[in-house]
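The structure file target.txt is reproduced below (compact mmCIF, C-alpha atoms).
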```txt
# COMPACT_ATOMS: atom_id res chain seq x y z
CA GLY A 1 98.78 19.76 -283.66
CA ILE A 2 102.35 20.97 -284.12
CA PHE A 3 105.11 18.60 -282.96
CA ARG A 4 108.86 19.01 -282.75
CA ILE A 5 110.92 16.49 -284.73
CA GLY A 6 111.81 14.50 -281.65
CA GLU A 7 108.16 14.29 -280.65
CA LEU A 8 106.78 12.68 -283.83
CA GLY A 9 107.27 9.22 -282.41
CA ASN A 10 105.28 10.16 -279.32
CA SER A 11 102.21 11.46 -281.18
CA THR A 12 100.01 8.69 -279.77
CA ARG A 13 101.04 9.59 -276.24
CA SER A 14 100.40 13.27 -276.97
CA ASN A 15 96.93 12.52 -278.30
CA ARG A 16 96.18 10.53 -275.17
CA SER A 17 97.40 13.46 -273.08
CA ARG A 18 95.06 15.77 -274.98
CA ILE A 19 92.15 13.42 -274.42
CA SER A 20 93.02 13.24 -270.73
CA LEU A 21 93.23 17.03 -270.56
CA GLY A 22 89.89 17.33 -272.32
CA ARG A 23 88.27 14.96 -269.85
CA SER A 24 89.82 16.88 -266.97
CA ILE A 25 88.49 20.14 -268.34
CA ARG A 26 85.01 18.74 -268.91
CA GLY A 27 85.01 17.16 -265.48
CA ASN A 28 85.96 20.44 -263.86
CA GLU A 29 83.82 22.68 -266.03
CA GLN A 30 81.09 23.04 -263.44
CA GLN A 31 83.67 23.71 -260.73
CA SER A 32 85.65 26.29 -262.67
CA ARG A 33 83.06 28.29 -264.60
CA GLY A 34 82.77 31.70 -263.00
CA ALA A 35 84.79 30.59 -259.96
CA ILE A 36 87.80 32.84 -260.53
CA LEU A 37 87.38 36.61 -260.55
CA TRP A 38 90.24 38.79 -261.77
CA ARG A 39 90.29 42.17 -260.04
CA ASP A 40 92.00 45.39 -261.01
CA ILE A 41 94.83 46.13 -258.56
CA LEU A 42 94.07 49.84 -258.84
CA SER A 43 90.60 49.20 -257.45
CA LEU A 44 92.18 47.24 -254.58
CA VAL A 45 94.53 50.15 -253.87
CA ASN A 46 91.57 52.55 -253.73
CA ASP A 47 89.33 50.19 -251.74
CA PRO A 48 88.88 51.73 -248.25
CA ASP A 49 88.19 48.29 -246.80
CA LYS A 50 91.65 46.97 -247.66
CA SER A 51 94.63 47.37 -245.36
CA LYS A 52 97.08 49.70 -247.08
CA THR A 53 100.70 48.72 -247.66
CA SER A 54 103.17 49.67 -250.37
CA ARG A 55 103.04 46.17 -251.89
CA LEU A 56 100.01 46.74 -254.11
CA ALA A 57 101.28 50.10 -255.29
CA ASN A 58 104.68 48.58 -256.13
CA LEU A 59 102.99 45.79 -258.09
CA GLN A 60 101.01 48.31 -260.05
CA GLN A 61 104.12 50.34 -260.84
CA ALA A 62 105.83 47.15 -262.04
CA GLY A 63 103.09 46.62 -264.61
CA VAL A 64 101.13 44.00 -262.68
CA GLY A 65 97.56 45.21 -262.97
CA LEU A 66 95.36 42.17 -262.32
CA ALA A 67 95.04 39.77 -259.40
CA ALA A 68 92.91 36.70 -258.70
CA GLY A 69 92.59 34.41 -255.70
CA VAL A 70 91.90 30.67 -255.72
CA HIS A 71 90.88 28.90 -252.50
CA PHE A 72 92.16 25.48 -251.56
CA HIS A 73 90.95 22.98 -248.98
CA VAL A 74 93.45 20.15 -248.53
CA GLY A 75 93.87 17.85 -245.56
CA GLY A 76 91.92 20.09 -243.21
CA HIS A 77 93.90 23.16 -244.26
CA SER A 78 92.32 26.12 -246.05
CA GLY A 79 93.97 29.03 -247.77
CA MET A 80 94.22 31.06 -250.93
CA VAL A 81 96.76 31.23 -253.75
CA ILE A 82 97.09 34.67 -255.37
CA TYR A 83 97.81 34.89 -259.11
CA PHE A 84 98.97 38.06 -260.86
CA ALA A 85 98.79 39.18 -264.49
CA LYS A 86 99.95 42.20 -266.45
CA SER A 87 97.58 45.09 -267.01
CA ASP A 88 97.38 44.56 -270.77
CA LYS A 89 96.21 40.94 -270.55
CA ASP A 90 92.73 40.15 -271.79
CA THR A 91 90.55 38.93 -268.91
CA ASP A 92 88.52 36.84 -271.36
CA VAL A 93 91.65 34.86 -272.11
CA LEU A 94 92.61 34.61 -268.45
CA THR A 95 89.19 33.23 -267.54
CA GLU A 96 89.13 30.60 -270.27
CA LEU A 97 88.26 27.18 -268.91
CA PRO A 98 91.71 25.53 -269.40
CA ASN A 99 93.38 28.41 -267.57
CA GLN A 100 90.91 28.20 -264.69
CA VAL A 101 91.38 24.44 -264.38
CA TYR A 102 95.16 24.89 -264.39
CA MET A 103 94.99 27.59 -261.69
CA ILE A 104 92.73 25.44 -259.51
CA ARG A 105 94.98 22.39 -259.88
CA MET A 106 98.11 24.38 -259.04
CA ALA A 107 96.34 25.83 -255.98
CA GLU A 108 95.60 22.28 -254.85
CA ILE A 109 99.25 21.33 -255.28
CA ILE A 110 100.36 24.34 -253.23
CA GLY A 111 97.69 23.48 -250.68
CA GLY A 112 99.14 19.99 -250.42
CA VAL A 113 102.52 21.48 -249.59
CA VAL A 114 100.92 23.68 -246.92
CA ALA A 115 99.00 20.71 -245.51
CA SER A 116 102.24 18.76 -245.13
CA THR A 117 103.82 21.52 -243.04
CA ASP A 118 102.53 20.18 -239.73
CA ALA A 119 103.71 16.67 -240.56
CA ARG A 120 107.13 17.99 -241.54
CA ARG A 121 107.45 19.94 -238.29
CA ALA A 122 106.32 16.94 -236.27
CA ALA A 123 108.94 14.78 -238.00
CA ALA A 124 111.63 17.38 -237.30
CA ALA A 125 110.57 17.59 -233.65
CA SER A 126 110.65 13.80 -233.35
CA LYS A 127 114.12 13.70 -234.85
CA HIS A 128 115.25 16.39 -232.46
CA GLN A 129 113.92 14.44 -229.46
CA HIS A 130 115.88 11.34 -230.44
CA THR A 131 119.11 13.25 -231.04
CA PRO A 132 121.40 13.24 -227.98
CA THR A 133 122.10 16.74 -226.76
CA GLU A 134 125.29 17.93 -225.15
CA ASP A 135 125.15 18.97 -221.50
CA PRO A 136 126.14 22.69 -221.40
CA THR A 137 127.71 22.25 -217.94
CA GLU A 138 129.85 19.28 -218.90
CA ASN A 139 132.99 21.24 -219.87
CA LEU A 140 132.75 23.90 -217.12
CA PRO A 141 135.63 24.11 -214.60
CA GLU A 142 135.01 22.55 -211.20
CA ASN A 143 133.20 24.75 -208.65
CA SER A 144 132.25 27.29 -211.37
CA PRO A 145 128.72 28.77 -211.17
CA VAL A 146 126.14 27.03 -213.30
CA PRO A 147 124.50 29.45 -215.78
CA GLN A 148 120.84 30.01 -215.01
CA PRO A 149 118.19 30.32 -217.73
CA THR A 150 117.13 33.85 -218.59
CA ARG A 151 113.73 34.80 -217.24
CA CYS A 152 111.33 36.09 -219.86
CA GLY A 153 108.47 37.27 -217.64
CA LEU A 154 108.40 40.74 -219.22
CA ARG A 155 108.45 39.54 -222.82
CA PRO A 156 104.65 39.06 -223.12
CA ILE A 157 104.10 42.54 -221.66
CA ARG A 158 106.58 44.09 -224.10
CA THR A 159 104.93 42.28 -226.99
CA TRP A 160 101.52 43.50 -225.88
CA LEU A 161 102.75 47.10 -225.61
CA ARG A 162 104.41 46.95 -229.03
CA LYS A 163 101.23 45.60 -230.63
CA SER A 164 99.15 48.24 -228.87
CA LEU A 165 101.16 50.98 -230.57
CA GLY A 166 99.79 49.84 -233.93
CA GLY A 167 101.24 48.29 -237.04
CA ASN A 168 102.85 49.80 -240.10
CA SER A 169 99.77 49.70 -242.33
CA GLN A 170 98.88 52.94 -244.06
CA ILE A 171 95.66 54.83 -243.41
CA PRO A 172 93.03 53.91 -246.03
CA PRO A 173 92.47 56.63 -248.65
CA SER A 174 89.27 58.63 -248.67
CA MET A 175 86.52 57.60 -251.05
CA PRO A 176 86.41 59.49 -254.38
CA LEU A 177 83.62 62.04 -254.73
CA THR A 178 81.71 60.02 -257.34
CA GLN A 179 81.79 56.95 -255.12
CA ALA A 180 80.72 58.99 -252.10
CA LEU A 181 77.74 60.32 -254.08
CA LEU A 182 76.81 56.78 -255.08
CA THR A 183 77.01 55.81 -251.41
CA LEU A 184 74.71 58.73 -250.57
CA ILE A 185 72.16 57.63 -253.17
CA GLY A 186 72.29 54.00 -252.06
CA ALA A 187 72.03 54.71 -248.33
CA PHE A 188 69.16 57.17 -248.88
CA SER A 189 67.27 54.71 -251.08
CA SER A 190 67.65 51.80 -248.66
CA LEU A 191 66.74 53.79 -245.54
CA THR A 192 63.76 55.33 -247.35
CA LEU A 193 62.61 51.78 -248.08
CA VAL A 194 62.95 50.93 -244.38
CA SER A 195 60.96 54.01 -243.37
CA VAL A 196 58.19 53.35 -245.90
CA ALA A 197 57.96 49.70 -244.83
CA ASP A 198 57.70 50.79 -241.20
CA ARG A 199 54.82 53.20 -241.92
CA PHE A 200 53.05 50.62 -244.08
CA ILE A 201 53.16 47.95 -241.38
CA ILE A 202 51.90 50.33 -238.69
CA SER A 203 49.03 51.64 -240.83
CA SER A 204 47.97 48.28 -242.30
CA PHE A 205 48.07 45.94 -239.31
CA GLU A 206 46.50 46.98 -236.02
CA ARG A 207 48.19 44.10 -234.25
CA LEU A 208 51.58 45.45 -235.31
CA GLU A 209 50.97 49.08 -234.45
CA ASP A 210 53.58 48.90 -231.69
CA VAL A 211 56.20 47.40 -234.02
CA SER A 212 58.95 49.70 -235.24
CA LEU A 213 61.55 48.85 -237.85
CA ILE A 214 63.48 52.08 -237.30
CA ILE A 215 66.32 50.48 -235.35
CA PRO A 216 70.10 51.15 -235.44
CA PRO A 217 71.14 47.85 -237.09
CA PHE A 218 69.70 49.00 -240.43
CA GLY A 219 71.96 52.07 -240.37
CA ALA A 220 74.92 49.77 -239.82
CA LEU A 221 73.72 47.48 -242.62
CA VAL A 222 73.55 50.20 -245.30
CA THR A 223 76.94 51.51 -244.13
CA LEU A 224 78.42 48.10 -244.91
CA GLN A 225 76.56 47.65 -248.19
CA TYR A 226 77.55 51.03 -249.66
CA GLY A 227 80.67 52.01 -247.70
CA LEU A 228 82.46 48.64 -247.41
CA THR A 229 81.00 46.85 -250.40
CA ALA A 230 83.72 44.21 -250.73
CA ALA A 231 83.93 43.34 -247.02
CA PRO A 232 82.96 39.73 -246.15
CA ALA A 233 80.55 41.04 -243.50
CA SER A 234 78.67 42.93 -246.23
CA GLN A 235 77.91 39.87 -248.37
CA PRO A 236 74.43 38.27 -248.54
CA ARG A 237 75.63 35.08 -246.87
CA ASN A 238 76.68 36.93 -243.72
CA ILE A 239 73.67 39.24 -243.79
CA ILE A 240 71.02 36.52 -244.04
CA PHE A 241 72.55 33.79 -241.91
CA GLY A 242 74.30 36.10 -239.46
CA GLN A 243 71.04 37.87 -238.68
CA SER A 244 69.14 34.58 -238.47
CA VAL A 245 71.53 32.98 -235.98
CA ALA A 246 72.23 36.07 -233.85
CA GLY A 247 68.55 37.08 -233.59
CA ALA A 248 67.42 33.58 -232.66
CA ILE A 249 70.06 33.33 -229.93
CA ALA A 250 69.14 36.74 -228.51
CA LEU A 251 65.43 35.91 -228.35
CA ALA A 252 66.16 32.51 -226.80
CA PHE A 253 67.82 34.25 -223.86
CA THR A 254 64.60 36.14 -223.11
CA TYR A 255 63.01 32.81 -222.13
CA ILE A 256 65.55 32.12 -219.37
CA PRO A 257 63.79 32.79 -216.04
CA ASN A 258 65.25 34.99 -213.31
CA LEU A 259 67.96 36.34 -215.60
CA TYR A 260 68.72 39.97 -214.81
CA PRO A 261 67.95 42.25 -217.81
CA TRP A 262 71.36 43.94 -217.60
CA LEU A 263 73.06 40.53 -217.71
CA ARG A 264 70.84 39.27 -220.55
CA ILE A 265 71.56 42.33 -222.71
CA ALA A 266 75.30 41.72 -222.28
CA LEU A 267 75.41 37.93 -222.39
CA ALA A 268 73.03 37.20 -225.29
CA PRO A 269 74.83 39.40 -227.88
CA ALA A 270 78.20 38.12 -226.67
CA VAL A 271 77.13 34.52 -227.27
CA ALA A 272 75.55 35.45 -230.63
CA ILE A 273 78.68 37.23 -231.84
CA SER A 274 80.98 34.38 -230.83
CA VAL A 275 78.74 31.76 -232.49
CA THR A 276 78.50 33.70 -235.78
CA ALA A 277 82.26 34.23 -235.71
CA LYS A 278 82.84 30.51 -235.23
CA LEU A 279 80.45 29.67 -238.09
CA GLY A 280 82.14 32.20 -240.41
CA ILE A 281 79.03 34.38 -240.78
CA ILE A 282 80.08 37.37 -238.68
CA HIS A 283 77.91 40.43 -239.35
CA PRO A 284 78.19 43.60 -237.17
CA PRO A 285 74.53 44.68 -237.63
CA ALA A 286 73.51 41.21 -236.41
CA GLY A 287 75.37 41.91 -233.17
CA ALA A 288 73.52 45.23 -232.88
CA ALA A 289 70.20 43.50 -233.58
CA ALA A 290 71.02 40.94 -230.88
CA VAL A 291 71.34 43.78 -228.34
CA VAL A 292 67.94 45.15 -229.39
CA LEU A 293 66.18 41.78 -229.35
CA ALA A 294 67.72 40.76 -226.03
CA SER A 295 66.15 43.79 -224.32
CA GLY A 296 62.89 41.87 -223.91
CA ASN A 297 60.79 44.44 -225.76
CA PHE A 298 60.68 42.47 -229.01
CA ASP A 299 59.25 39.10 -230.03
CA TRP A 300 59.49 36.61 -232.91
CA ILE A 301 57.33 38.79 -235.18
CA ASP A 302 59.89 41.59 -234.87
CA TYR A 303 62.63 39.06 -235.54
CA LEU A 304 60.97 37.83 -238.75
CA LEU A 305 60.28 41.38 -239.96
CA ILE A 306 63.91 42.38 -239.37
CA LEU A 307 65.12 39.30 -241.23
CA LEU A 308 62.69 39.91 -244.11
CA LEU A 309 63.78 43.52 -244.47
CA ASN A 310 67.44 42.48 -244.50
CA VAL A 311 66.67 40.25 -247.48
CA ILE A 312 64.69 43.00 -249.25
CA LEU A 313 67.52 45.53 -248.79
CA LEU A 314 69.76 43.31 -250.91
CA VAL A 315 67.78 44.41 -253.98
CA PRO A 316 68.69 48.14 -253.95
CA ALA A 317 72.23 47.30 -252.83
CA ILE A 318 72.76 45.05 -255.86
CA ALA A 319 71.05 47.47 -258.26
CA ILE A 320 72.88 50.62 -257.14
CA ASN A 321 76.37 49.33 -256.34
CA ASN A 322 76.77 47.62 -259.71
CA ILE A 323 76.14 50.90 -261.53
CA SER A 324 79.75 51.79 -260.76
CA GLN A 325 82.51 50.11 -262.76
CA LYS A 326 84.68 50.11 -259.62
CA ARG A 327 82.22 48.13 -257.53
CA GLN A 328 80.77 44.66 -257.60
CA TYR A 329 78.10 43.56 -255.18
CA PRO A 330 77.96 40.91 -254.05
CA THR A 331 81.47 39.59 -254.51
CA TYR A 332 80.02 36.15 -253.69
CA TRP A 333 76.75 34.64 -252.53
CA GLY A 334 78.01 31.64 -250.60
CA ILE A 335 74.63 29.94 -250.33
CA PRO A 336 73.63 26.54 -251.78
CA TRP A 337 71.66 27.65 -254.84
CA SER A 338 74.38 30.07 -256.01
CA GLY A 339 76.52 27.26 -257.43
CA SER A 340 79.13 27.48 -254.68
CA LYS A 341 79.92 24.93 -252.02
CA SER A 342 76.99 24.08 -249.80
CA LEU A 343 76.60 26.53 -246.94
CA PHE A 344 75.71 23.82 -244.47
CA SER A 345 78.83 21.82 -245.25
CA GLN A 346 80.87 25.01 -244.75
CA LEU A 347 79.16 25.73 -241.43
CA LYS A 348 79.74 22.14 -240.31
CA LYS A 349 83.42 22.41 -241.19
CA ASN A 350 83.79 25.79 -239.45
CA ALA A 351 82.10 24.48 -236.31
CA LYS A 352 84.71 21.71 -235.85
```
Whole structure, structure tokens version:
Amino acid sequence: GIFRIGELGNSTRSNRSRISLGRSIRGNEQQSRGAILWRDILSLVNDPDKSKTSRLANLQQAGVGLAAGVHFHVGGHSGMVIYFAKSDKDTDVLTELPNQVYMIRMAEIIGGVVASTDARRAAAASKHQHTPTEDPTENLPENSPVPQPTRCGLRPIRTWLRKSLGGNSQIPPSMPLTQALLTLIGAFSSLTLVSVADRFIISSFERLEDVSLIIPPFGALVTLQYGLTAAPASQPRNIIFGQSVAGAIALAFTYIPNLYPWLRIALAPAVAISVTAKLGIIHPPAGAAAVVLASGNFDWIDYLLILLLNVILLVPAIAINNISQKRQYPTYWGIPWSGSKSLFSQLKKNAK
């Protein structure tokens, strides 16, 4: 190593620091490898799924061309720290193991500051409660009217009206022609697979001749997979588990006796949507499938076929989307065998 003159006497301490760093890196190797994905800001600017503001464009003009997010979970608080890098930086260098470990550790430190916010506010509130306050009417002349507090009954209505007028976000840009053509190819391929599977099931199994897989949720699914590729609702985790939970809830409502069909079709999807939202596996096509399954015209065989076809449709989505250099699908798997945090521990945490 290279030491400054004043550091020669501390070489033993430096070597120990290097050994400690090496152990830290080795201990976090499994956690860090492949965990941080640097994305091109230009692709974020052109992503129709992202809310448009001038911030990303200004960063790009300033020479900041790469961005990466690192999650933190500290003291019951979750969030993300965003890192930026210049456009000319080599992503291979940025994703080296020491850099990833450093970014993760700094995110944990920032997360610790965020986690202490509630405690700091509680301490400030406690201090304020124990501080004697001056009576505002103490120095008023005798027989003068006491000021009355201002009524704020219209404030919530004004806030609601202001929010209803919309925010200042820009309209998302249209998709480039090449990306639209790729979306056309992907949607056509996936829906052709659905149609072929439907005809195969009807012609091969007499018992399933009344089963039809041509249902609206599959149109919504391919729209997400090829039109909003980076959206959380488009990822395999939400597709598989969102459909599983929502469909099971919808079918369970069909077993409730004396429940009016019109009420069941409204209540079952509402419960399914709220449960998937609470578990962090929201998936719009799952809500549509819940409406279909709650009608009472479908059974568990239809449910399993729908779920199976959702899994199969991941194959063309992965194969076709990743042809483009501007797309990556999926952006994460989020299921136990993918090397990320266990799904069930995440669901348990989200349910609290």
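Minimum atom-to-atom distance to A:Ala197, evaluated using all atoms listed in the file, belongs to A:Leu313 out of A:Pro172, A:Ala123, A:Gly75, A:Leu313.
A straight line drawn from atom CA of A:Arg121 to atom CA of A:Gly76 is 16.3 Å long.
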Nearest to A:Thr91 among A:Leu56, A:Ala67, A:Leu177, A:Leu251, with distances taken over all atoms listed in the file: which residue is it?
A:Ala67
Of the residues A:Gly69, A:Pro316, A:Gly111, A:Gly227, which is the one nearest to A:Leu181, using only C-alpha atoms?
A:Gly227
Using atom CA of A:Leu267 and atom CA of A:Leu221 as the two end points, give the distance in Å to one decimal.
22.4 Å
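Minimum distance to A:Gly296 across A:Ala68, A:Ile323, A:Ala268, A:Val311 (counting all atoms listed in the file) occurs at A:Ala268.
Among the candidates A:Gly247, A:Gly287, A:Pro217, A:Pro156, the one nearest to A:Trp300 when counting all atoms listed in the file is A:Gly247.
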Would you mind listing what lies within 9 Å of A:His73 as number ranges by chain, with all atoms listed in the file counted and same-chain residues fewer than 4 positions away left out?
A: 77-80, 108, 111-112
Export C-alpha atoms of the chosen residues as a PDB file, keeping the file's coordinate frame?
```
ATOM      1  CA  HIS A  77      93.900  23.160-244.260  1.00  0.00           C
ATOM      2  CA  SER A  78      92.320  26.120-246.050  1.00  0.00           C
ATOM      3  CA  GLY A  79      93.970  29.030-247.770  1.00  0.00           C
ATOM      4  CA  MET A  80      94.220  31.060-250.930  1.00  0.00           C
ATOM      5  CA  GLU A 108      95.600  22.280-254.850  1.00  0.00           C
ATOM      6  CA  GLY A 111      97.690  23.480-250.680  1.00  0.00           C
ATOM      7  CA  GLY A 112      99.140  19.990-250.420  1.00  0.00           C
TER       8      GLY A 112
END
```
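One finds atom CA of A:Val74 at 6.3 Å from atom CA of A:Ala115.
Shortest atom-to-atom contact with A:Ile240 among A:His283, A:Thr178, A:Ser190, A:Ala62: A:His283, counting all atoms listed in the file.
Polymer residues near (62.2, 51.9, -242.8): counting only C-alpha atoms with a cut-off of 9 Å, they are A:Ser190, A:Leu191, A:Thr192, A:Leu193, A:Val194, A:Ser195, A:Val196, A:Ala197, A:Asp198, A:Arg199, A:Ser212, A:Leu213, A:Ile214, A:Ile215, A:Phe218, A:Leu309.
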Taking 6 positions as the minimum chain separation for residues in the same chain, which residues sit within 9 Å of A:Gln60 when counting only C-alpha atoms? Answer as a PyMOL selection string.
chain A and resi 41-42+66+86-87
Within-12 Å shell of (63.3, 39.4, -225.7) in input frame, only C-alpha atoms, as a count of residues only
32
